[in-house]
$ cat target_23.tsv   # TSV, C-alpha atoms
chain	number	residue	atom	x	y	z
I	1	MET	CA	12.56	23.74	15.01
I	2	ILE	CA	10.42	23.59	11.91
I	3	VAL	CA	11.40	23.98	8.27
I	4	ARG	CA	8.69	25.36	6.03
I	5	PRO	CA	8.30	26.91	2.59
I	6	SER	CA	9.21	30.59	2.55
I	7	GLU	CA	6.44	33.14	2.28
I	8	ASP	CA	6.48	36.82	1.29
I	9	ARG	CA	6.39	37.74	4.98
I	10	ASP	CA	9.85	36.11	5.39
I	11	VAL	CA	11.70	38.48	3.05
I	12	GLU	CA	13.11	40.77	5.74
I	13	ALA	CA	14.16	37.84	7.93
I	14	ILE	CA	15.90	36.21	4.97
I	15	TRP	CA	17.72	39.45	4.19
I	16	ARG	CA	18.88	39.72	7.83
I	17	ILE	CA	20.45	36.26	7.41
I	18	LEU	CA	21.91	36.85	3.95
I	19	GLU	CA	23.39	40.30	4.45
I	20	PRO	CA	26.16	39.59	7.01
I	21	ILE	CA	27.22	36.43	5.17
I	22	ILE	CA	27.36	38.23	1.84
I	23	ARG	CA	29.22	41.19	3.37
I	24	ALA	CA	31.81	38.88	4.97
I	25	GLY	CA	32.57	37.34	1.57
I	26	GLU	CA	34.05	34.19	3.12
I	27	THR	CA	31.70	31.42	1.99
I	28	TYR	CA	29.63	32.48	-1.04
I	29	THR	CA	30.66	33.71	-4.47
I	30	LEU	CA	28.23	36.61	-4.23
I	31	PRO	CA	29.71	40.13	-4.45
I	32	SER	CA	30.25	41.46	-0.92
I	33	ASP	CA	28.66	44.77	-1.94
I	34	MET	CA	25.56	43.10	-3.41
I	35	ASN	CA	22.49	45.15	-2.58
I	36	ARG	CA	19.37	43.88	-0.86
I	37	ASP	CA	17.20	43.63	-3.96
I	38	ALA	CA	19.83	41.78	-5.99
I	39	ALA	CA	20.57	39.38	-3.13
I	40	LEU	CA	16.92	38.59	-2.56
I	41	ALA	CA	16.32	38.20	-6.31
I	42	HIS	CA	19.19	35.71	-6.43
I	43	TRP	CA	18.09	33.73	-3.36
I	44	ARG	CA	14.40	33.80	-4.26
I	45	ALA	CA	14.86	33.26	-8.01
I	46	PRO	CA	11.85	31.73	-9.78
I	47	ALA	CA	13.72	28.43	-10.27
I	48	HIS	CA	14.49	28.20	-6.52
I	49	GLU	CA	12.17	26.54	-4.04
I	50	VAL	CA	12.95	28.52	-0.87
I	51	PHE	CA	12.51	27.35	2.71
I	52	VAL	CA	13.07	28.86	6.13
I	53	ALA	CA	13.92	27.26	9.45
I	54	GLU	CA	12.05	28.66	12.43
I	55	GLU	CA	12.57	28.40	16.17
I	56	GLU	CA	9.75	29.73	18.32
I	57	GLY	CA	8.44	31.84	15.44
I	58	THR	CA	11.83	33.36	14.56
I	59	VAL	CA	13.46	32.62	11.21
I	60	VAL	CA	16.96	31.31	11.97
I	61	GLY	CA	17.95	29.83	8.62
I	62	THR	CA	17.05	29.62	4.98
I	63	TYR	CA	17.84	27.42	2.03
I	64	TYR	CA	16.92	27.04	-1.59
I	65	LEU	CA	16.54	23.90	-3.67
I	66	ARG	CA	16.92	23.90	-7.42
I	67	THR	CA	17.91	21.80	-10.40
I	68	ASN	CA	21.70	21.82	-10.67
I	69	GLN	CA	21.77	21.67	-14.48
I	70	MET	CA	19.25	21.54	-17.29
I	71	GLY	CA	18.65	18.69	-19.72
I	72	GLY	CA	20.77	15.62	-19.05
I	73	GLY	CA	21.79	16.95	-15.62
I	74	SER	CA	18.30	17.84	-14.41
I	75	HIS	CA	18.10	14.77	-12.14
I	76	VAL	CA	20.72	16.33	-9.81
I	77	ALA	CA	19.61	18.86	-7.20
I	78	ASN	CA	21.58	21.80	-5.83
I	79	CYS	CA	21.04	23.82	-2.67
I	80	GLY	CA	22.35	26.89	-0.90
I	81	TYR	CA	22.04	27.23	2.88
I	82	MET	CA	22.51	30.14	5.27
I	83	THR	CA	22.05	30.25	9.03
I	84	ALA	CA	21.58	33.37	11.12
I	85	GLN	CA	24.88	34.30	12.76
I	86	ASP	CA	23.38	34.35	16.26
I	87	ALA	CA	21.98	30.84	15.69
I	88	SER	CA	25.22	29.20	14.54
I	89	GLY	CA	26.21	25.89	16.11
I	90	ARG	CA	22.67	24.78	17.00
I	91	GLY	CA	22.14	22.20	14.26
I	92	ILE	CA	20.11	24.45	11.99
I	93	ALA	CA	22.18	23.78	8.86
I	94	ARG	CA	22.01	20.03	9.55
I	95	THR	CA	18.23	20.19	9.94
I	96	MET	CA	17.88	22.21	6.72
I	97	CYS	CA	20.14	19.84	4.80
I	98	LEU	CA	18.23	16.77	6.00
I	99	HIS	CA	15.00	18.51	4.99
I	100	SER	CA	16.44	19.37	1.58
I	101	LEU	CA	17.53	15.78	0.97
I	102	GLU	CA	14.00	14.55	1.67
I	103	ARG	CA	12.45	17.31	-0.42
I	104	ALA	CA	14.83	16.56	-3.31
I	105	LYS	CA	13.88	12.87	-3.17
I	106	ALA	CA	10.19	13.79	-3.14
I	107	ARG	CA	10.74	15.92	-6.25
I	108	GLY	CA	12.36	12.97	-8.02
I	109	PHE	CA	16.01	14.03	-7.93
I	110	ARG	CA	18.53	11.19	-7.93
I	111	ALA	CA	21.46	13.08	-6.39
I	112	MET	CA	22.51	16.37	-4.83
I	113	GLN	CA	25.63	18.32	-5.74
I	114	PHE	CA	27.22	21.35	-4.14
I	115	ASN	CA	29.18	23.08	-6.89
I	116	PHE	CA	31.40	25.39	-4.89
I	117	VAL	CA	32.05	24.69	-1.20
I	118	VAL	CA	34.83	26.97	0.01
I	119	SER	CA	37.45	24.66	1.52
I	120	THR	CA	38.14	26.99	4.44
I	121	ASN	CA	34.48	26.69	5.49
I	122	GLU	CA	35.51	23.69	7.55
I	123	ARG	CA	32.30	23.42	9.57
I	124	ALA	CA	30.26	23.13	6.38
I	125	VAL	CA	32.67	20.63	4.84
I	126	ARG	CA	32.51	18.44	7.97
I	127	LEU	CA	28.72	18.72	8.09
I	128	TRP	CA	28.26	17.76	4.44
I	129	GLN	CA	30.65	14.83	4.88
I	130	SER	CA	28.75	13.64	7.96
I	131	LEU	CA	25.59	13.62	5.84
I	132	GLY	CA	27.14	11.40	3.18
I	133	PHE	CA	28.54	13.93	0.71
I	134	GLU	CA	31.86	13.08	-0.87
I	135	THR	CA	34.34	15.46	-2.44
I	136	ALA	CA	34.04	14.80	-6.17
I	137	GLY	CA	36.54	17.45	-7.14
I	138	ARG	CA	38.83	20.19	-5.90
I	139	LEU	CA	39.19	23.51	-7.71
I	140	PRO	CA	42.63	24.84	-6.73
I	141	GLY	CA	42.65	28.53	-5.80
I	142	ALA	CA	39.14	29.04	-7.21
I	143	PHE	CA	37.87	31.29	-4.40
I	144	ALA	CA	39.30	34.69	-3.50
I	145	HIS	CA	38.92	34.72	0.29
I	146	PRO	CA	39.03	38.28	1.69
I	147	GLU	CA	41.60	37.38	4.37
I	148	LEU	CA	43.27	34.15	3.26
I	149	GLY	CA	43.75	34.91	-0.42
I	150	PHE	CA	43.09	32.26	-3.05
I	151	VAL	CA	41.76	29.05	-1.49
I	152	ASP	CA	40.34	25.85	-2.97
I	153	ALA	CA	36.69	25.17	-3.65
I	154	LEU	CA	35.20	21.71	-3.43
I	155	VAL	CA	32.56	20.02	-5.55
I	156	MET	CA	30.60	17.74	-3.21
I	157	PHE	CA	28.16	15.05	-4.30
I	158	ARG	CA	25.72	12.58	-2.79
I	159	ALA	CA	23.38	10.09	-4.41
I	160	LEU	CA	19.84	10.11	-3.11
$ encode --input "target_23.tsv" --output "structure tokens"
Amino acid sequence: MIVRPSEDRDVEAIWRILEPIIRAGETYTLPSDMNRDAALAHWRAPAHEVFVAEEEGTVVGTYYLRTNQMGGGSHVANCGYMTAQDASGRGIARTMCLHSLERAKARGFRAMQFNFVVSTNERAVRLWQSLGFETAGRLPGAFAHPELGFVDALVMFRAL
């Protein structure tokens, strides 16, 4: 697997990854009825450095890296990751996160923070913990899960 910067030719592949996750509404705070153009504009925002993970020429994951806050918080990075549903469980998110940690260091960030990890996304929580992220805070009932109702969101943090 390789992780590389996203190119214009990756737009459709990125949308194929984003759409089912957005529609499910279980892990991201994006509206489940968000249209293609709005979703891609969000993911590929000018302030986001976007990457894709490829296996044998097929895009199987994507992530963005950005500054978490401006000014006094600009030394902390933030990322969003999505893996193709048919590629789940193959270590793609781990590979993308490890890549993002190295890229963030190279860009001079001192830490990485995930602002809103849905607590019921247990695989992601375990993965981030295994990569050295700690839960810095819990936001009780902050996420309206489509099946489970109001569930907690976690703020996760790791120094680089």
$ closest_residue --input "target_23.tsv" --among "I:Leu65, I:Ile14, I:Ile2, I:Leu30" --to "Pro46 in chain I" --atoms "only C-alpha atoms"
I:Leu65
$ axis_aligned_box --input "target_23.tsv" --around "range 101-116 of chain I" --padding-each-side "6 Å" --output "JSON"
{"center_x": 20.8, "center_y": 18.3, "center_z": -3.2, "size_x": 33.2, "size_y": 26.2, "size_z": 21.7}
$ atom_distance --input "target_23.tsv" --atom1 "CA of Leu98 in chain I" --atom2 "CA of Glu26 in chain I"
23.7 Å
$ atom_distance --input "target_23.tsv" --atom1 "CA of Arg36 in chain I" --atom2 "CA of Ser100 in chain I"
24.8 Å
$ residues_around --input "target_23.tsv" --residues "Tyr63 in chain I" --least-positions-apart "3" --cutoff "10 Å" --atoms "all atoms listed in the file" --output "PyMOL selection string"
chain I and resi 3+5-6+14+43-44+48-53+79-83+93+96-97+99-100
$ atom_distance --input "target_23.tsv" --atom1 "CA of Val155 in chain I" --atom2 "CA of Ala136 in chain I"
5.5 Å
$ closest_residue --input "target_23.tsv" --among "I:Ser32, I:Val118, I:Ser74, I:Ser88" --to "Gly149 in chain I" --atoms "all atoms listed in the file"
I:Val118
$ closest_residue --input "target_23.tsv" --among "I:Ala159, I:Met112, I:Ile17, I:Ala106" --to "Ala84 in chain I" --atoms "only C-alpha atoms"
I:Ile17
$ closest_residue --input "target_23.tsv" --among "I:Gly137, I:Gly89, I:Pro146, I:Gly61" --to "Thr29 in chain I" --atoms "all atoms listed in the file"
I:Pro146
